[in-house]
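J.: Structure file target_27.txt, compact mmCIF, C-alpha atoms and all ligand atoms, is pasted below:
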# COMPACT_ATOMS: atom_id res chain seq x y z
CA MET A 5 76.34 87.91 96.09
CA ASN A 6 74.74 86.51 99.22
CA THR A 7 74.55 82.81 98.49
CA LEU A 8 74.18 79.91 100.83
CA THR A 9 76.03 76.74 99.94
CA ARG A 10 75.33 73.38 101.49
CA LEU A 11 77.90 70.63 101.49
CA ASP A 12 76.53 67.18 102.28
CA LEU A 13 79.20 64.86 103.62
CA GLY A 14 77.05 61.75 103.95
CA GLU A 15 75.43 60.10 106.97
CA GLY A 16 73.46 63.27 107.74
CA ALA A 17 76.52 65.46 108.29
CA ARG A 18 76.54 68.80 106.50
CA ILE A 19 78.26 72.14 106.37
CA PHE A 20 76.70 75.42 105.30
CA PHE A 21 78.78 78.30 104.01
CA GLN A 22 77.40 81.81 104.01
CA ALA A 23 78.37 85.44 104.38
CA GLY A 24 76.81 87.30 107.29
CA ASP A 25 76.84 88.29 110.92
CA ILE A 26 77.30 85.30 113.22
CA THR A 27 75.37 86.97 116.05
CA GLN A 28 72.15 86.54 114.02
CA GLN A 29 72.49 82.77 113.76
CA SER A 30 69.96 80.51 115.43
CA THR A 31 72.14 77.43 115.51
CA ASP A 32 72.35 75.79 118.95
CA ALA A 33 75.72 77.46 119.53
CA ILE A 34 77.91 80.09 117.93
CA VAL A 35 81.68 80.09 118.31
CA ASN A 36 83.47 83.24 119.44
CA ALA A 37 87.04 84.14 118.39
CA ALA A 38 87.96 85.45 121.83
CA ASN A 39 91.24 86.26 123.58
CA SER A 40 92.65 84.53 126.66
CA SER A 41 91.22 87.10 129.08
CA LEU A 42 87.64 86.35 127.90
CA MET A 43 86.89 89.99 128.66
CA GLY A 44 85.72 90.91 125.16
CA GLY A 45 87.44 92.86 122.42
CA GLY A 46 86.81 94.01 118.86
CA GLY A 47 85.78 92.05 115.78
CA VAL A 48 83.45 89.12 116.22
CA ASP A 49 84.11 89.05 119.99
CA GLY A 50 82.87 92.63 120.39
CA ALA A 51 79.85 91.94 118.20
CA ILE A 52 78.87 88.86 120.24
CA HIS A 53 79.13 90.67 123.59
CA ARG A 54 77.22 93.68 122.25
CA ALA A 55 74.41 91.57 120.81
CA GLY A 56 74.30 89.03 123.65
CA GLY A 57 74.35 91.53 126.52
CA PRO A 58 76.15 91.58 129.88
CA ALA A 59 75.20 88.05 130.99
CA ILE A 60 77.88 86.58 128.72
CA LEU A 61 80.66 88.75 130.17
CA GLU A 62 79.50 87.95 133.68
CA GLU A 63 79.79 84.20 132.98
CA CYS A 64 83.20 84.74 131.37
CA ARG A 65 84.37 86.55 134.52
CA LYS A 66 83.35 83.57 136.64
CA ILE A 67 85.14 81.12 134.35
CA VAL A 68 88.37 83.12 134.48
CA ALA A 69 88.10 83.55 138.27
CA ARG A 70 87.74 79.78 138.62
CA ASP A 71 90.09 78.45 135.93
CA GLY A 72 92.33 81.35 134.93
CA HIS A 73 92.94 82.61 131.40
CA LEU A 74 91.87 80.40 128.50
CA PRO A 75 94.92 79.06 126.65
CA PRO A 76 95.02 79.31 122.84
CA GLY A 77 93.34 76.31 121.20
CA GLU A 78 90.98 75.59 124.10
CA ALA A 79 87.25 76.26 124.35
CA VAL A 80 84.66 77.00 127.06
CA GLN A 81 80.95 77.69 126.92
CA THR A 82 78.61 80.32 128.28
CA THR A 83 74.93 80.79 127.62
CA GLY A 84 73.97 82.99 124.68
CA GLY A 85 72.39 85.77 126.73
CA ARG A 86 70.07 87.67 124.38
CA LEU A 87 71.39 85.92 121.26
CA PRO A 88 69.20 83.54 119.26
CA ALA A 89 71.79 80.79 119.92
CA ALA A 90 71.48 79.10 123.31
CA PHE A 91 75.25 78.87 123.81
CA VAL A 92 78.40 80.76 122.95
CA ILE A 93 81.53 78.64 122.71
CA HIS A 94 84.54 80.86 123.33
CA THR A 95 87.85 79.78 121.89
CA VAL A 96 91.19 81.51 121.45
CA GLY A 97 92.89 81.19 118.09
CA PRO A 98 96.62 81.63 117.49
CA ILE A 99 98.21 85.00 116.82
CA TRP A 100 99.88 84.66 113.41
CA ARG A 101 103.64 85.26 113.49
CA ASP A 102 105.37 83.50 110.60
CA GLY A 103 103.56 80.18 110.35
CA MET A 104 106.46 78.35 112.03
CA GLN A 105 105.29 78.78 115.63
CA GLY A 106 102.66 76.05 115.70
CA GLU A 107 99.91 78.36 114.44
CA SER A 108 98.13 75.73 112.32
CA GLY A 109 98.05 73.20 115.18
CA ILE A 110 96.58 75.77 117.56
CA LEU A 111 93.99 76.84 114.99
CA ALA A 112 93.00 73.20 114.43
CA ASN A 113 92.70 72.77 118.22
CA SER A 114 90.38 75.79 118.40
CA TYR A 115 87.98 74.28 115.87
CA ARG A 116 88.36 70.73 117.22
CA ASN A 117 87.80 71.67 120.87
CA SER A 118 84.86 73.91 119.97
CA MET A 119 83.17 71.11 118.02
CA ARG A 120 83.88 68.56 120.76
CA LEU A 121 82.51 70.84 123.45
CA ALA A 122 79.33 71.34 121.41
CA ASP A 123 79.03 67.58 121.07
CA ARG A 124 79.49 67.04 124.82
CA LEU A 125 76.74 69.60 125.40
CA GLY A 126 74.46 67.50 123.21
CA LEU A 127 74.04 70.19 120.56
CA HIS A 128 73.15 69.54 116.92
CA SER A 129 74.28 72.67 115.10
CA VAL A 130 77.16 75.11 115.50
CA ALA A 131 78.00 78.33 113.66
CA LEU A 132 81.69 79.17 113.31
CA PRO A 133 83.58 82.30 112.23
CA ALA A 134 86.96 82.51 110.48
CA ILE A 135 88.94 82.32 113.73
CA SER A 136 92.23 84.30 113.84
CA THR A 137 91.78 85.90 110.39
CA GLY A 138 91.07 89.41 111.76
CA VAL A 139 93.05 91.08 114.54
CA TYR A 140 95.21 87.94 114.91
CA GLY A 141 96.40 88.18 111.29
CA TYR A 142 96.20 84.56 110.12
CA PRO A 143 96.30 84.49 106.27
CA ALA A 144 92.80 83.70 105.04
CA GLN A 145 93.53 80.83 102.64
CA ALA A 146 95.73 78.98 105.09
CA ALA A 147 93.17 79.49 107.86
CA ALA A 148 90.31 78.26 105.66
CA ALA A 149 92.18 75.03 104.82
CA VAL A 150 92.69 74.24 108.52
CA ALA A 151 89.14 75.25 109.48
CA VAL A 152 87.42 73.19 106.80
CA ALA A 153 89.57 70.05 107.21
CA THR A 154 89.21 70.06 111.00
CA VAL A 155 85.46 70.63 111.03
CA ILE A 156 84.92 67.88 108.45
CA ASP A 157 86.96 65.46 110.60
CA GLU A 158 84.95 66.39 113.68
CA LEU A 159 81.59 65.96 111.93
CA GLY A 160 82.76 62.48 111.00
CA THR A 161 83.27 61.46 114.63
CA ALA A 162 80.70 63.59 116.51
CA ARG A 163 77.82 61.79 118.16
CA ARG A 164 75.32 64.63 118.17
CA VAL A 165 76.62 67.57 116.19
CA HIS A 166 75.69 67.03 112.57
CA GLU A 167 75.65 70.56 111.22
CA ALA A 168 78.40 73.16 111.06
CA ARG A 169 77.76 76.56 109.58
CA PHE A 170 80.65 78.79 108.55
CA VAL A 171 79.45 82.38 108.79
CA LEU A 172 81.99 84.58 107.07
CA TYR A 173 81.99 88.32 107.28
CA SER A 174 82.69 89.12 103.63
CA PRO A 175 81.92 87.60 100.22
CA GLU A 176 85.70 87.29 99.68
CA MET A 177 86.12 85.17 102.81
CA LEU A 178 83.09 83.11 101.77
CA SER A 179 84.66 82.26 98.42
CA ILE A 180 87.99 81.40 100.11
CA PHE A 181 86.22 78.94 102.43
CA LEU A 182 84.24 77.41 99.57
CA GLN A 183 87.42 76.93 97.57
CA ALA A 184 89.06 75.30 100.60
CA ALA A 185 86.15 72.85 100.82
CA LYS A 186 86.46 71.98 97.13
CA ASP A 187 90.22 71.51 97.52
CA GLU A 188 89.58 69.24 100.50
CA GLN A 189 87.13 67.16 98.47
CA ARG A 190 89.78 66.69 95.79
CA ARG A 191 92.47 65.89 98.35
CA ARG A 192 90.32 63.22 99.98
CA ASN A 193 88.94 61.95 96.71
CA ALA A 194 85.50 62.30 98.31
CA SER A 195 83.32 62.12 95.21
CA HIS A 196 80.23 61.35 97.34
CA TRP A 197 80.27 64.85 98.87
CA SER A 198 77.73 67.11 97.19
CA PHE A 199 77.66 70.90 97.00
CA GLN A 200 74.36 72.68 96.51
CA THR A 201 73.86 76.40 96.07
CA LEU A 202 70.71 77.63 97.77
CA ALA A 203 68.93 80.95 98.00
CA PRO A 204 69.90 82.64 101.29
CA ASN A 205 66.45 82.18 102.76
CA ALA A 206 65.87 78.67 101.42
CA ILE A 207 66.66 77.17 104.80
CA ASP A 208 64.59 77.77 107.86
CA PRO A 209 67.16 79.10 110.34
CA LEU A 210 65.24 77.63 113.26
CA THR A 211 64.99 74.07 112.09
CA ASN A 212 67.70 74.13 109.42
CA THR A 213 65.50 72.02 107.22
N1 LIG B 301 80.21 87.74 112.26
C1 LIG B 301 81.05 86.90 111.62
N2 LIG B 301 82.35 87.18 111.43
C2 LIG B 301 82.82 88.37 111.91
C3 LIG B 301 82.02 89.29 112.60
C4 LIG B 301 80.65 88.94 112.77
N3 LIG B 301 79.80 89.74 113.40
N4 LIG B 301 82.79 90.36 112.94
C5 LIG B 301 84.03 90.11 112.47
N5 LIG B 301 84.06 88.92 111.84
C6 LIG B 301 85.17 88.23 111.19
C7 LIG B 301 86.37 89.04 110.76
O1 LIG B 301 86.13 89.67 109.52
C8 LIG B 301 87.44 87.98 110.66
O2 LIG B 301 87.42 87.34 109.38
O3 LIG B 301 85.72 87.30 112.12
C9 LIG B 301 87.03 86.96 111.71
C10 LIG B 301 87.93 86.92 112.93
O4 LIG B 301 88.36 88.22 113.23
P1 LIG B 301 88.48 88.81 114.71
O5 LIG B 301 87.14 89.01 115.29
O6 LIG B 301 89.39 89.98 114.64
O7 LIG B 301 89.15 87.58 115.54
P2 LIG B 301 90.69 87.07 115.61
O8 LIG B 301 91.44 87.37 114.38
O9 LIG B 301 90.59 85.65 116.08
O10 LIG B 301 91.32 87.95 116.75
C11 LIG B 301 90.92 87.76 118.08
O11 LIG B 301 90.33 90.05 118.36
O12 LIG B 301 88.49 91.15 119.08
C12 LIG B 301 89.61 90.58 119.47
O13 LIG B 301 89.05 89.81 121.67
C13 LIG B 301 89.43 89.40 120.38
O14 LIG B 301 91.66 89.79 121.05
C14 LIG B 301 90.84 88.92 120.32
C15 LIG B 301 91.18 89.05 118.85
When written as structure tokens, how does the structure in this file appear?

T.:
Amino acid sequence: MNTLTRLDLGEGARIFFQAGDITQQSTDAIVNAANSSLMGGGGVDGAIHRAGGPAILEECRKIVARDGHLPPGEAVQTTGGRLPAAFVIHTVGPIWRDGMQGESGILANSYRNSMRLADRLGLHSVALPAISTGVYGYPAQAAAAVAVATVIDELGTARRVHEARFVLYSPEMLSIFLQAAKDEQRRRNASHWSFQTLAPNAIDPLTNT
């Protein structure tokens, strides 16, 4: 079922949860689950480079030539090329080993640094995938808990970014992220947060109103 859920956190901050293809999003930026070479790959990385065209790879090449490989947990931006989003924020998630190698801290850094970069760029809305849950093998429930908690924290301190949109590739991943958000509400005793289920096209993707 292709539902769209909106979580209002108060003070204008909100998170949307939906299944879909992140390359179609018209948020100000979309986040890419890249690798340190920034030279593209499979999964969401491949989809973004295919849909966005060669301009993105060209900018990535320049970044790597100037600064070297992107360490896990860090984030850099390029333009969106032919994508509806103006920017792509490339971050590198952790490769899952056994959960004892700092994976959760690196994953939190990926979300945190992506959100902070978007804020520094003066952007209002950011779409995010389930970083590290594909090729990098991070267990989905554990990844969702880190993703949701970190993005909520960042929305609480951001100056300009007030909307995050988790765009998950399958209905199963969507329900795992929604459950993580409900668990987080319980953990924080945040009874003022409100969840609303909307029809998928109830929100204008251009204005998000
Ligand atoms: N839109 C949204 N989500 C997508 C899309 C898409 N178009 N395509 C794939 N996904 C989902 C996957 O189903 C998974 O849940 O993105 C999540 C992350 O999976 P990967 O893309 O495999 O990313 P990750 O696990 O972080 O591995 C990164 O994969 O492609 C390479 O270059 C990339 O080496 C890097 C590695």

J.: Could you jot down the CA of Arg169 (chain A) to CA of Phe199 (chain A) separation for me, Å, one decimal place?

T.: 13.8 Å

J.: Report, in Å to a single decimal, how far apart atom C11 of ligand LIG 301 (chain B) and CA of Gln189 (chain A) are.

T.: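 Those two atoms sit 28.7 Å apart.
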
J.: Please determine the residues with any atom at most 12 Å from (71.4, 70.8, 94.8) (coordinates as given in the file, with only C-alpha atoms counting) and report them as a PyMOL selection string.

T.: chain A and resi 8-12+197-203+206

J.: Would you kindly return, as a list in words, each protein, DNA or RNA residue with an atom no farther than 12 Å from any atom of Ala23 (chain A), considering only C-alpha atoms and excluding same-chain residues fewer than 6 positions away?

T.: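 Counting only the stated atoms, we get Met5, Asn6, Thr7, Leu8, Thr9, Gln29, Ala131, Leu132, Pro133, Ala134, Arg169, Phe170, Val171, Leu172, Tyr173, Ser174, Pro175, Glu176, Met177, Leu178, Ser179, Ile180, Phe181, Leu182 and Pro204 of chain A.
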
J.: If you count only C-alpha atoms, which residues fall within 9 Å of Asn39 (chain A), apart from same-chain ones fewer than 2 positions away, as an NGL selection string?

T.: :A and (37 or 41-45 or 49 or 73-76 or 94-97)

J.: Need to verify the contact set: Ala153 (chain A), 12 Å, all atoms listed in the file, exclusion of same-chain residues closer than 6 positions in sequence. Can you return it as a PyMOL selection string?

T.: chain A and resi 19+108+111-113+115-116+146-147+159-160+181-182+184-192

J.: Give me, please, the distance in Å between CA of Gly141 (chain A) and CA of Ala38 (chain A), quoted to one decimal.

T.: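 A separation of 13.8 Å between them.
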
J.: As JSON, what would the box around ligand LIG 301 (chain B) look like: edges along x, y and z, 8 Å added on every side, centre and edge lengths in Å to one decimal?

T.:
{"center_x": 85.7, "center_y": 88.4, "center_z": 115.5, "size_x": 27.9, "size_y": 21.5, "size_z": 28.3}

J.: Closest to ligand LIG 301 (chain B) among A:Gly50, A:Gly16, A:Gly56, A:Gly77, using all atoms listed in the file?

T.: A:Gly50

J.: Which of these, A:Ser136, A:Ser114, A:Thr154, A:Gln81, has the shortest distance to ligand LIG 301 (chain B) once you count only C-alpha atoms and all ligand atoms?

T.: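 Of A:Ser136, A:Ser114, A:Thr154, A:Gln81, the one nearest ligand LIG 301 (chain B), counting only C-alpha atoms and all ligand atoms, is A:Ser136.
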
J.: Anything within 9 Å of (76.6, 78.9, 136.8): list those residues as a list in words, counting all atoms listed in the file and sticking to the file's coordinates.

T.: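 Residues with an atom close enough to that point: Glu63, Lys66 and Thr82 of chain A.
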
J.: Those residues with C-alpha atoms, as a PDB file, in the coordinates of the input please?

T.:
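Output file again_2.pdb is given in full below:
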ATOM      1  CA  GLU A  63      79.790  84.200 132.980  1.00  0.00           C
ATOM      2  CA  LYS A  66      83.350  83.570 136.640  1.00  0.00           C
ATOM      3  CA  THR A  82      78.610  80.320 128.280  1.00  0.00           C
TER       4      THR A  82
END

J.: Using all atoms listed in the file, which of the listed residues (A:Arg163, A:Trp100, A:Gly14, A:Ala90) sits closest to ligand LIG 301 (chain B)?

T.: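 Answer, going by the shortest atom-to-atom distance: A:Trp100.
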